[in-house]
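Colleague: Dropping in target_29.cif, with mmCIF, C-alpha atoms.
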```cif
data_input
loop_
_atom_site.label_atom_id
_atom_site.label_comp_id
_atom_site.auth_asym_id
_atom_site.auth_seq_id
_atom_site.Cartn_x
_atom_site.Cartn_y
_atom_site.Cartn_z
CA MET A 1 49.37 93.61 140.51
CA THR A 2 49.19 96.50 142.97
CA PRO A 3 52.23 98.77 143.45
CA ARG A 4 52.76 97.27 146.91
CA VAL A 5 52.91 93.66 145.66
CA ARG A 6 55.15 94.79 142.82
CA ARG A 7 57.54 96.45 145.28
CA VAL A 8 57.67 93.29 147.45
CA VAL A 9 58.40 91.10 144.39
CA PHE A 10 61.14 93.53 143.30
CA LEU A 11 62.77 93.68 146.74
CA VAL A 12 62.80 89.87 147.10
CA ALA A 13 64.27 89.44 143.59
CA ALA A 14 66.81 92.24 144.07
CA GLY A 15 67.89 90.78 147.41
CA ALA A 16 68.34 87.32 145.89
CA LEU A 17 70.32 88.78 142.97
CA ALA A 18 72.56 90.80 145.32
CA GLY A 19 73.24 87.67 147.39
CA VAL A 20 74.16 85.53 144.39
CA LEU A 21 76.34 88.35 142.98
CA ALA A 22 78.21 88.75 146.27
CA TRP A 23 78.71 84.97 146.43
CA GLY A 24 80.01 84.92 142.85
CA PHE A 25 82.35 87.89 143.33
CA GLY A 26 83.73 86.23 146.46
CA GLY A 27 84.87 83.27 144.35
CA LEU A 28 86.66 85.35 141.68
CA PRO A 29 90.46 85.14 141.42
CA ARG A 30 92.35 88.19 142.75
CA PHE A 31 92.46 91.26 140.48
CA GLY A 32 95.20 90.91 137.89
CA THR A 33 95.84 87.19 138.38
CA PHE A 34 95.00 84.64 135.71
CA ASP A 35 95.01 80.90 136.23
CA GLY A 36 93.64 79.71 132.87
CA ALA A 37 95.95 76.90 131.72
CA TYR A 38 94.96 77.32 128.07
CA GLY A 39 95.99 81.01 128.00
CA GLN A 40 99.33 80.34 129.72
CA ILE A 41 100.19 77.58 127.22
CA LEU A 42 99.24 79.76 124.22
CA ASN A 43 101.38 82.66 125.48
CA HIS A 44 104.38 80.33 125.37
CA VAL A 45 103.76 78.33 122.19
CA ALA A 46 102.00 80.80 119.83
CA VAL A 47 105.05 82.89 118.89
CA PRO A 48 107.45 80.02 118.01
CA GLN A 49 104.69 77.79 116.60
CA ARG A 50 102.95 80.28 114.28
CA HIS A 51 105.59 83.04 113.82
CA ILE A 52 103.05 85.61 115.01
CA THR A 53 103.67 88.48 117.45
CA ASP A 54 100.00 89.26 118.30
CA VAL A 55 98.83 86.26 120.32
CA VAL A 56 95.26 87.64 120.38
CA ALA A 57 95.19 87.38 116.56
CA ALA A 58 96.64 83.87 116.78
CA VAL A 59 93.76 82.82 119.04
CA ASN A 60 91.07 84.60 116.98
CA PHE A 61 92.11 83.56 113.49
CA ASP A 62 94.12 80.38 113.97
CA TYR A 63 93.70 78.30 117.16
CA ARG A 64 90.03 79.32 117.53
CA GLY A 65 89.47 80.46 113.95
CA PHE A 66 86.27 78.46 113.67
CA ASP A 67 84.61 80.52 116.45
CA THR A 68 85.53 83.75 114.67
CA LEU A 69 84.08 82.36 111.42
CA GLY A 70 80.79 81.99 113.30
CA GLU A 71 81.02 85.61 114.47
CA GLU A 72 81.64 86.80 110.91
CA PHE A 73 78.45 85.06 109.82
CA ILE A 74 76.54 86.62 112.75
CA PHE A 75 77.66 90.08 111.58
CA PHE A 76 76.82 89.22 107.96
CA ALA A 77 73.34 88.00 108.93
CA ALA A 78 72.75 91.13 111.06
CA VAL A 79 73.64 93.44 108.15
CA LEU A 80 71.37 91.42 105.83
CA GLY A 81 68.55 91.74 108.35
CA VAL A 82 68.97 95.52 108.62
CA ALA A 83 69.08 95.89 104.82
CA LEU A 84 65.88 93.84 104.57
CA ILE A 85 63.97 95.73 107.28
CA LEU A 86 65.08 99.24 106.25
CA ARG A 87 64.32 98.88 102.51
CA THR A 88 61.70 101.14 100.90
CA GLN A 89 58.43 99.39 101.69
CA ARG A 90 54.83 99.68 100.51
CA GLY A 91 53.35 102.96 101.67
CA GLU A 92 56.72 104.68 101.45
CA HIS A 93 58.57 106.35 98.63
CA ALA A 94 62.07 107.66 98.11
CA GLY A 95 61.56 111.39 98.48
CA HIS A 96 63.81 114.29 97.62
CA LEU A 97 67.04 114.38 99.52
CA ALA A 98 66.03 116.29 102.59
CA ASP A 99 68.88 116.26 105.05
CA HIS A 100 66.89 117.88 107.84
CA ALA A 101 63.98 117.37 110.19
CA THR A 102 60.68 118.31 108.60
CA GLY A 103 59.32 121.77 109.29
CA ARG A 104 62.52 123.77 109.64
CA ALA A 105 65.30 125.06 107.43
CA VAL A 106 68.56 123.19 106.93
CA PRO A 107 71.34 124.66 109.05
CA PRO A 108 74.45 124.80 106.84
CA THR A 109 77.35 122.56 107.88
CA SER A 110 79.86 124.78 109.67
CA ASP A 111 83.22 125.35 108.01
CA ALA A 112 84.99 123.95 111.08
CA VAL A 113 83.18 120.59 110.70
CA ARG A 114 83.83 120.50 106.94
CA VAL A 115 87.57 121.19 107.29
CA LEU A 116 87.98 118.79 110.21
CA GLY A 117 86.12 116.05 108.33
CA LEU A 118 88.24 116.51 105.21
CA LEU A 119 91.47 116.60 107.23
CA LEU A 120 90.61 113.48 109.25
CA THR A 121 89.37 111.27 106.38
CA PRO A 122 92.76 110.46 104.71
CA PRO A 123 94.50 109.58 108.03
CA ALA A 124 91.50 107.43 109.03
CA VAL A 125 91.65 105.49 105.75
CA LEU A 126 95.43 105.10 105.95
CA PHE A 127 95.27 104.01 109.60
CA SER A 128 92.56 101.45 108.80
CA ILE A 129 94.75 99.89 106.08
CA TYR A 130 97.66 99.80 108.55
CA VAL A 131 95.52 98.16 111.26
CA VAL A 132 94.20 95.47 108.87
CA THR A 133 97.56 94.61 107.27
CA HIS A 134 99.47 94.53 110.58
CA GLY A 135 96.84 92.57 112.52
CA HIS A 136 99.22 89.62 113.06
CA LEU A 137 102.06 91.88 114.28
CA THR A 138 100.47 94.58 116.46
CA PRO A 139 97.08 95.06 118.20
CA GLY A 140 94.23 95.35 115.73
CA GLY A 141 93.18 93.27 112.76
CA GLY A 142 90.39 92.86 110.26
CA PHE A 143 87.51 93.88 112.53
CA GLN A 144 89.18 96.96 114.02
CA GLY A 145 90.57 98.12 110.66
CA GLY A 146 87.20 97.52 108.98
CA VAL A 147 85.26 99.66 111.44
CA ILE A 148 87.89 102.44 111.23
CA LEU A 149 87.56 102.44 107.42
CA ALA A 150 83.77 102.72 107.79
CA THR A 151 84.33 105.70 110.12
CA GLY A 152 86.33 107.36 107.33
CA VAL A 153 83.28 107.08 105.06
CA LEU A 154 81.11 108.47 107.86
CA LEU A 155 83.46 111.48 108.14
CA ILE A 156 82.81 112.28 104.47
CA TYR A 157 79.07 112.32 105.20
CA LEU A 158 79.58 114.55 108.25
CA ALA A 159 81.75 116.99 106.28
CA GLY A 160 79.25 117.25 103.43
CA GLU A 161 75.89 115.87 102.39
CA PHE A 162 74.39 112.41 102.02
CA ASP A 163 74.59 112.99 98.24
CA ASP A 164 78.40 113.13 98.38
CA LEU A 165 78.53 109.42 99.24
CA HIS A 166 76.83 108.37 95.99
CA GLY A 167 79.95 108.81 93.86
CA LEU A 168 81.99 106.65 96.25
CA TYR A 169 80.21 103.32 96.08
CA THR A 170 76.98 101.60 95.11
CA GLU A 171 74.95 99.36 97.39
CA PRO A 172 75.36 96.23 95.20
CA ALA A 173 79.15 96.74 95.32
CA LEU A 174 79.01 96.88 99.13
CA GLU A 175 76.83 93.75 99.25
CA ARG A 176 79.30 91.90 97.03
CA GLY A 177 82.22 93.16 99.13
CA ALA A 178 80.69 91.82 102.34
CA ALA A 179 79.80 88.50 100.69
CA VAL A 180 83.28 88.09 99.16
CA GLY A 181 84.82 88.88 102.54
CA VAL A 182 82.89 86.25 104.45
CA ALA A 183 83.26 83.70 101.63
CA GLY A 184 87.01 84.39 101.54
CA TYR A 185 87.26 83.32 105.19
CA VAL A 186 85.59 79.99 104.33
CA ALA A 187 87.86 79.59 101.26
CA ILE A 188 90.98 80.09 103.40
CA GLY A 189 89.57 77.47 105.77
CA LEU A 190 89.13 75.05 102.88
CA LEU A 191 92.84 75.49 102.01
CA GLY A 192 93.59 73.35 105.04
CA MET A 193 91.30 70.57 103.84
CA ALA A 194 92.78 70.77 100.33
CA ALA A 195 96.23 70.29 101.89
CA GLY A 196 94.98 67.14 103.60
CA THR A 197 94.68 68.48 107.17
CA ALA A 198 91.80 70.12 109.08
CA PHE A 199 89.46 73.00 108.17
CA LEU A 200 91.12 76.37 108.98
CA ASP A 201 94.46 74.66 109.68
CA ASN A 202 97.33 77.11 109.15
CA VAL A 203 98.93 75.44 106.10
CA LEU A 204 100.61 78.42 104.39
CA PRO A 205 104.36 79.17 104.82
CA LEU A 206 104.87 80.89 108.19
CA GLY A 207 107.61 83.33 107.07
CA ARG A 208 110.06 85.24 109.25
CA LEU A 209 108.80 86.24 112.71
CA GLY A 210 107.88 89.93 112.81
CA SER A 211 107.79 90.51 109.03
CA ILE A 212 104.56 91.52 107.28
CA PHE A 213 104.60 88.24 105.30
CA SER A 214 104.42 85.89 108.27
CA ALA A 215 101.93 83.92 110.39
CA GLY A 216 100.63 81.90 107.40
CA THR A 217 96.88 82.28 106.86
CA VAL A 218 96.30 84.92 109.60
CA PRO A 219 97.04 88.06 107.48
CA LEU A 220 94.87 86.68 104.65
CA ILE A 221 91.96 86.07 107.04
CA ASN A 222 92.48 89.61 108.40
CA LEU A 223 92.17 91.01 104.87
CA SER A 224 88.94 89.14 104.14
CA VAL A 225 87.47 90.05 107.56
CA GLY A 226 88.47 93.70 106.97
CA LEU A 227 86.68 93.69 103.62
CA GLU A 228 83.55 92.10 105.09
CA ILE A 229 83.35 94.41 108.13
CA ALA A 230 84.09 97.62 106.21
CA ALA A 231 81.60 96.84 103.42
CA GLY A 232 78.99 95.53 105.86
CA LEU A 233 79.25 98.49 108.24
CA VAL A 234 79.12 101.08 105.43
CA LEU A 235 76.08 99.22 104.04
CA LEU A 236 74.51 99.37 107.52
CA LEU A 237 75.20 103.13 107.85
CA THR A 238 73.94 103.79 104.31
CA ASN A 239 70.72 101.93 105.04
CA PHE A 240 70.16 103.91 108.25
CA LEU A 241 70.97 107.24 106.53
CA HIS A 242 68.78 106.36 103.53
CA GLN A 243 65.87 105.40 105.79
CA THR A 244 66.23 108.63 107.81
CA ILE A 245 66.93 111.10 105.03
CA VAL A 246 65.36 109.82 101.82
CA ILE A 247 62.42 107.51 102.55
CA ARG A 248 59.12 109.30 103.28
CA PRO A 249 55.61 107.96 103.84
CA VAL A 250 53.32 108.28 100.81
CA VAL A 251 51.15 111.38 101.40
CA GLY A 252 47.57 110.56 102.34
CA ARG A 253 48.18 107.27 104.13
CA SER A 254 50.23 106.30 107.13
CA ALA A 255 53.16 103.98 106.57
CA MET B 1 95.19 97.39 141.43
CA SER B 2 96.93 100.65 140.56
CA GLY B 3 95.47 104.09 141.25
CA LEU B 4 94.90 104.65 137.53
CA GLU B 5 92.97 101.38 137.13
CA ALA B 6 90.85 102.16 140.19
CA THR B 7 90.10 105.69 138.92
CA VAL B 8 89.05 104.50 135.47
CA LEU B 9 86.95 101.68 136.96
CA VAL B 10 85.08 104.19 139.15
CA LEU B 11 84.59 106.51 136.13
CA VAL B 12 83.15 103.59 134.11
CA GLY B 13 80.77 102.81 136.97
CA MET B 14 79.65 106.44 137.10
CA GLY B 15 79.31 106.55 133.29
CA GLY B 16 77.13 103.43 133.20
CA THR B 17 74.91 104.81 135.95
CA ALA B 18 74.64 108.13 134.06
CA VAL B 19 73.47 106.32 130.88
CA VAL B 20 70.63 104.72 132.84
CA ALA B 21 69.82 107.90 134.81
CA VAL B 22 69.40 110.15 131.75
CA ARG B 23 65.81 109.81 130.54
CA ASP B 24 65.79 111.83 127.31
CA PRO B 25 66.84 109.47 124.47
CA LEU B 26 68.72 112.19 122.57
CA ARG B 27 70.90 113.06 125.56
CA GLN B 28 71.16 109.37 126.42
CA ALA B 29 72.78 108.70 123.04
CA MET B 30 75.42 111.35 123.80
CA VAL B 31 76.06 110.01 127.32
CA ALA B 32 76.27 106.46 125.90
CA SER B 33 78.92 107.70 123.47
CA LEU B 34 80.93 109.18 126.35
CA PHE B 35 80.49 105.89 128.25
CA GLY B 36 81.92 104.09 125.18
CA ILE B 37 85.05 106.26 125.33
CA LEU B 38 85.41 105.57 129.09
CA LEU B 39 85.12 101.81 128.44
CA ALA B 40 87.75 102.06 125.69
CA ILE B 41 90.10 103.83 128.14
CA LEU B 42 89.48 101.07 130.71
CA PHE B 43 90.29 98.34 128.16
CA PHE B 44 93.45 100.21 127.20
CA VAL B 45 94.53 100.64 130.84
CA LEU B 46 93.92 96.90 131.39
CA GLN B 47 96.27 96.21 128.44
CA ALA B 48 93.66 95.05 125.92
CA PRO B 49 94.35 97.48 123.03
CA ASP B 50 92.59 95.19 120.50
CA VAL B 51 89.31 95.50 122.35
CA ALA B 52 89.88 99.23 123.04
CA LEU B 53 90.20 99.93 119.30
CA SER B 54 86.90 98.17 118.55
CA GLU B 55 85.16 99.83 121.49
CA ILE B 56 86.16 103.37 120.43
CA VAL B 57 84.55 102.97 117.02
CA VAL B 58 81.58 100.75 117.87
CA GLY B 59 80.68 102.08 121.32
CA ALA B 60 81.53 105.76 120.87
CA VAL B 61 80.55 106.29 117.20
CA ALA B 62 78.50 103.57 115.50
CA LEU B 63 76.00 102.75 118.26
CA PRO B 64 75.13 106.41 119.22
CA LEU B 65 74.90 107.28 115.52
CA MET B 66 72.33 104.54 114.89
CA ILE B 67 70.32 105.69 117.92
CA LEU B 68 70.46 109.31 116.64
CA LEU B 69 69.36 108.32 113.13
CA SER B 70 66.50 106.20 114.51
CA LEU B 71 65.40 109.14 116.69
CA ALA B 72 65.54 111.50 113.69
CA LYS B 73 63.39 109.07 111.70
CA ILE B 74 60.81 108.60 114.46
CA ARG B 75 60.53 112.32 115.29
CA GLY B 76 60.54 113.41 111.63
CA GLY B 77 57.61 111.08 110.92
CA SER B 78 55.45 112.05 113.88
CA ARG B 79 55.44 115.82 113.37
#
```
Represent the structure of the file as structure tokens.
Modeller:
Amino acid sequence: MTPRVRRVVFLVAAGALAGVLAWGFGGLPRFGTFDGAYGQILNHVAVPQRHITDVVAAVNFDYRGFDTLGEEFIFFAAVLGVALILRTQRGEHAGHLADHATGRAVPPTSDAVRVLGLLLTPPAVLFSIYVVTHGHLTPGGGFQGGVILATGVLLIYLAGEFDDLHGLYTEPALERGAAVGVAGYVAIGLLGMAAGTAFLDNVLPLGRLGSIFSAGTVPLINLSVGLEIAAGLVLLLTNFLHQTIVIRPVVGRSA
Amino acid sequence: MSGLEATVLVLVGMGGTAVVAVRDPLRQAMVASLFGILLAILFFVLQAPDVALSEIVVGAVALPLMILLSLAKIRGGSR
């Protein structure tokens, strides 16, 4: 394909795309208006029906809890895939901890970064626990809290060395944490079937609106999602760090 | 649409274009991180704090970090 033909093909395709986009944008509702019947109904019934003040959490973990279960398994499968691909393979070996690019000296971590990392870690961990446990009351939930907790672990790495993370956790513990988290979601779903209704039906006592013990199964699902996401994301980061910092090709052959 | 929403929308558009326009992967990771923060601000302005929280951590920290680590691995191996 000559450059000229390529340019003609691109211009025709780009023109067609622009036309379809303009047509589609023309049919959008006005900015800020929403005419989805499902959303309007939920906004009215979720609070009295489920004793929950965060309607987003009610949709994610109750009314459409089955969809979110699928997403949890997607995340779990993605972490498994990364762990499998980034393991130490033939032609590679776990070298000495070398937290630097090859061929130049390690610049020491500046005191400012160390102090900031140490100061920010406890608030990050505390905030993540708050976000997970209050997911049914205020914005946030298991996913958001889980990723914030993983950021806390990342701060420890940034403030120190890769070695400092070894005392905190082991990889099998993280794997079990992620597995228990995703299995816990399924177990909470089975509660509904055990009670004689549907899978993931909200069968637990709903409690007083606005209190931390309310909204039935939603806080429990948030806890198990938080565990899965935090463990899975830390496992993901550890695998990336391990692959970058520790694993080296065996000398004398290319990996 | 309020002035704030319009401003943030324009900033997000500029940020996205900047991510594509930067050709060096290392700088691109940094610009992508900034773009993640802009997107989080947009979600917050549009009253979706749940999504904003996720976007701050995933878009501004986790994704650029994985790109940086991959770059470090690739460049460390080739030299």
Colleague: Please determine, counting only C-alpha atoms, which residue among A:Ala22, A:Ala57, A:Ala230, A:Val113 has the shortest atom-to-atom distance to A:Gly146.
Modeller: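 Result for the nearest residue to A:Gly146: A:Ala230.
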Colleague: What are the residues of chain A that have an atom within 7 Å of an atom of chain B, counting only C-alpha atoms, as a PDB file with C-alpha atoms, in the coordinates of the input?
Modeller:
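Just written: part-v1.pdb:
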```pdb
ATOM      1  CA  PHE A  31      92.460  91.260 140.480  1.00  0.00           C
ATOM      2  CA  ALA A 101      63.980 117.370 110.190  1.00  0.00           C
ATOM      3  CA  THR A 102      60.680 118.310 108.600  1.00  0.00           C
ATOM      4  CA  PRO A 139      97.080  95.060 118.200  1.00  0.00           C
ATOM      5  CA  GLY A 140      94.230  95.350 115.730  1.00  0.00           C
ATOM      6  CA  GLN A 144      89.180  96.960 114.020  1.00  0.00           C
ATOM      7  CA  VAL A 147      85.260  99.660 111.440  1.00  0.00           C
ATOM      8  CA  ILE A 148      87.890 102.440 111.230  1.00  0.00           C
ATOM      9  CA  PHE A 240      70.160 103.910 108.250  1.00  0.00           C
ATOM     10  CA  LEU A 241      70.970 107.240 106.530  1.00  0.00           C
ATOM     11  CA  THR A 244      66.230 108.630 107.810  1.00  0.00           C
TER      12      THR A 244
END
```
Colleague: Kindly list the centre and edge lengths in Å, rounded to one decimal, for the axis-aligned box that covers all listed atoms of stretch 113-125 of chain A plus 3 Å on each of its six sides, as lines of an AutoDock Vina configuration file.
Modeller:
```
center_x = 88.8
center_y = 113.3
center_z = 107.7
size_x = 17.3
size_y = 21.7
size_z = 12.0
```
Colleague: As a check of understanding, name the residues that the PyMOL selection byres ((chain A and resi 128) around 7) selects in the supplied structure, as an MDAnalysis selection string.
Modeller: chainID A and resid 124:127 129:132 145:146 148:149
Colleague: In Å, with one decimal, what is the gap from atom CA of A:Asn222 to atom CA of A:Asn60?
Modeller: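 Computing the Euclidean distance for atom CA of A:Asn222 and atom CA of A:Asn60 yields 10.0 Å.
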Colleague: Please rebuild stretch 49-66 of chain B with N, CA and C atoms and give the result as an mmCIF file, in the coordinates of the input.
Modeller:
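Ended up saving to selection_34.cif:
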```
data_model
loop_
_atom_site.group_PDB
_atom_site.id
_atom_site.type_symbol
_atom_site.label_atom_id
_atom_site.label_comp_id
_atom_site.auth_asym_id
_atom_site.auth_seq_id
_atom_site.Cartn_x
_atom_site.Cartn_y
_atom_site.Cartn_z
ATOM 1 N N PRO B 49 94.510 96.456 124.069
ATOM 2 C CA PRO B 49 94.350 97.480 123.030
ATOM 3 C C PRO B 49 93.479 97.017 121.865
ATOM 4 N N ASP B 50 93.455 95.697 121.578
ATOM 5 C CA ASP B 50 92.590 95.190 120.500
ATOM 6 C C ASP B 50 91.140 95.558 120.767
ATOM 7 N N VAL B 51 90.696 95.253 121.987
ATOM 8 C CA VAL B 51 89.310 95.500 122.350
ATOM 9 C C VAL B 51 89.040 97.004 122.426
ATOM 10 N N ALA B 52 90.055 97.777 122.913
ATOM 11 C CA ALA B 52 89.880 99.230 123.040
ATOM 12 C C ALA B 52 89.610 99.852 121.672
ATOM 13 N N LEU B 53 90.381 99.405 120.651
ATOM 14 C CA LEU B 53 90.200 99.930 119.300
ATOM 15 C C LEU B 53 88.766 99.711 118.805
ATOM 16 N N SER B 54 88.264 98.472 118.991
ATOM 17 C CA SER B 54 86.900 98.170 118.550
ATOM 18 C C SER B 54 85.895 99.014 119.319
ATOM 19 N N GLU B 55 86.130 99.151 120.632
ATOM 20 C CA GLU B 55 85.160 99.830 121.490
ATOM 21 C C GLU B 55 85.056 101.315 121.133
ATOM 22 N N ILE B 56 86.194 101.954 120.795
ATOM 23 C CA ILE B 56 86.160 103.370 120.430
ATOM 24 C C ILE B 56 85.188 103.573 119.272
ATOM 25 N N VAL B 57 85.335 102.747 118.224
ATOM 26 C CA VAL B 57 84.550 102.970 117.020
ATOM 27 C C VAL B 57 83.103 102.509 117.207
ATOM 28 N N VAL B 58 82.936 101.293 117.758
ATOM 29 C CA VAL B 58 81.580 100.750 117.870
ATOM 30 C C VAL B 58 80.802 101.440 118.983
ATOM 31 N N GLY B 59 81.416 101.549 120.175
ATOM 32 C CA GLY B 59 80.680 102.080 121.320
ATOM 33 C C GLY B 59 80.517 103.588 121.282
ATOM 34 N N ALA B 60 81.565 104.304 120.798
ATOM 35 C CA ALA B 60 81.530 105.760 120.870
ATOM 36 C C ALA B 60 80.982 106.408 119.599
ATOM 37 N N VAL B 61 81.002 105.679 118.459
ATOM 38 C CA VAL B 61 80.550 106.290 117.200
ATOM 39 C C VAL B 61 79.349 105.560 116.613
ATOM 40 N N ALA B 62 79.516 104.275 116.290
ATOM 41 C CA ALA B 62 78.500 103.570 115.500
ATOM 42 C C ALA B 62 77.182 103.433 116.257
ATOM 43 N N LEU B 63 77.246 102.972 117.510
ATOM 44 C CA LEU B 63 76.000 102.750 118.260
ATOM 45 C C LEU B 63 75.229 104.056 118.497
ATOM 46 N N PRO B 64 75.887 105.147 119.033
ATOM 47 C CA PRO B 64 75.130 106.410 119.220
ATOM 48 C C PRO B 64 74.593 106.955 117.902
ATOM 49 N N LEU B 65 75.358 106.778 116.816
ATOM 50 C CA LEU B 65 74.900 107.280 115.520
ATOM 51 C C LEU B 65 73.601 106.598 115.103
ATOM 52 N N MET B 66 73.540 105.257 115.286
ATOM 53 C CA MET B 66 72.330 104.540 114.890
ATOM 54 C C MET B 66 71.144 104.953 115.751
#
```
